[in-house]
Amino acid sequence: MMTALSALITAMFQCRTTWAMNFYEHSHHWWRALMRFLILGMTYCLVASSMTAFLAPRAAGSGLPEIKGFLNGSKIKGLWQLRVFVVKFFAIALAIGAGLPVGREGPAVFLGASLAHALWRHGHRIWHGG
């Protein structure tokens, strides 16, 4: 999972950089290349924030306080939904690909905890055939 996230982040950043550099090599307008670089970064930010705001508001933030609360016995409605997992996965890739100073560690812990929770709740079907 972390390998897929790292690969996606790398691809997003490389796409952004390559798109701007190819334009610069062909046109030699450095400011237009810079604008392309910035516009694609802003687009990544817009998509990530829109996904979080409209599809899964629970995916906002690092997720560490929610994990701590769950481990302390709190019931947090909607924390383990597949939608939250998917939105957080792609939103963090887009945010880091845009160049935002976002830490990977908090969302990575949340994503790992989400997978562990899914295996804990649904693992008996896999191991016991039911």
# chains A, B, ... in the order shown; residues from 1 in each chain; ligands from 1
>>> residues_around(residues="Ala56 of chain A", least_positions_apart="5", cutoff="8 Å", atoms="only C-alpha atoms", output="PyMOL selection string")
chain A and resi 51+83-84+87
>>> residues_around(residues="Gln81 of chain A", least_positions_apart="6", cutoff="12 Å", atoms="only C-alpha atoms", output="JSON list (two decimals) with C-alpha atoms, in the first residue's frame")
[["chain", "number", "residue", "atom", "x", "y", "z"],
["A", 55, "LEU", "CA", -16.89, 13.26, -0.97],
["A", 56, "ALA", "CA", -15.51, 12.44, 2.48],
["A", 57, "PRO", "CA", -15.18, 15.27, 5.01],
["A", 58, "ARG", "CA", -14.04, 12.67, 7.56],
["A", 59, "ALA", "CA", -10.82, 12.32, 5.49],
["A", 87, "VAL", "CA", -10.33, 9.88, -0.66],
["A", 88, "LYS", "CA", -7.49, 10.14, 1.87],
["A", 111, "LEU", "CA", -4.35, 4.19, 5.95],
["A", 114, "SER", "CA", -7.90, 1.34, 8.07],
["A", 115, "LEU", "CA", -6.52, -1.74, 6.34],
["A", 117, "HIS", "CA", -9.41, -2.67, 10.81],
["A", 118, "ALA", "CA", -10.87, -4.05, 7.58]]
>>> closest_residue(among="A:Ala53, A:Ala93, A:Leu64, A:Ala116", to="Ala4 of chain A", atoms="only C-alpha atoms")
A:Ala93
>>> residues_around(residues="segment 24-38 of chain A", least_positions_apart="5", cutoff="12 Å", atoms="only C-alpha atoms", output="PyMOL selection string")
chain A and resi 12-19+43-45+97-100
>>> atom_distance(atom1="atom CA of Ile92 of chain A", atom2="atom CA of Ser6 of chain A")
10.3 Å
>>> decode(residues="segment 18-30 of chain A", atoms="N, CA and C atoms", output="CSV table (one decimal), in the first residue's frame")
chain,number,residue,atom,x,y,z
A,18,THR,N,7.6,17.4,-15.6
A,18,THR,CA,7.8,17.1,-17.0
A,18,THR,C,7.0,18.0,-18.0
A,19,TRP,N,5.8,18.2,-17.6
A,19,TRP,CA,4.9,19.1,-18.4
A,19,TRP,C,5.4,20.5,-18.5
A,20,ALA,N,5.9,21.0,-17.4
A,20,ALA,CA,6.5,22.4,-17.5
A,20,ALA,C,7.8,22.4,-18.2
A,21,MET,N,8.7,21.4,-17.9
A,21,MET,CA,10.0,21.4,-18.6
A,21,MET,C,9.9,21.2,-20.1
A,22,ASN,N,9.0,20.4,-20.5
A,22,ASN,CA,8.8,20.1,-22.0
A,22,ASN,C,8.4,21.4,-22.7
A,23,PHE,N,7.5,22.2,-22.0
A,23,PHE,CA,7.1,23.4,-22.6
A,23,PHE,C,8.2,24.4,-22.7
A,24,TYR,N,9.1,24.5,-21.6
A,24,TYR,CA,10.2,25.4,-21.6
A,24,TYR,C,11.2,25.0,-22.7
A,25,GLU,N,11.5,23.7,-22.9
A,25,GLU,CA,12.4,23.3,-23.9
A,25,GLU,C,12.0,23.6,-25.3
A,26,HIS,N,10.7,23.7,-25.5
A,26,HIS,CA,10.2,24.0,-26.9
A,26,HIS,C,9.9,25.4,-27.1
A,27,SER,N,9.6,26.2,-26.1
A,27,SER,CA,9.3,27.6,-26.3
A,27,SER,C,10.3,28.6,-25.7
A,28,HIS,N,11.1,28.1,-24.8
A,28,HIS,CA,12.1,29.0,-24.1
A,28,HIS,C,11.5,30.2,-23.4
A,29,HIS,N,10.3,30.1,-23.0
A,29,HIS,CA,9.6,31.1,-22.2
A,29,HIS,C,9.6,30.5,-20.7
A,30,TRP,N,10.6,30.9,-19.9
A,30,TRP,CA,10.6,30.4,-18.6
A,30,TRP,C,9.4,30.7,-17.7
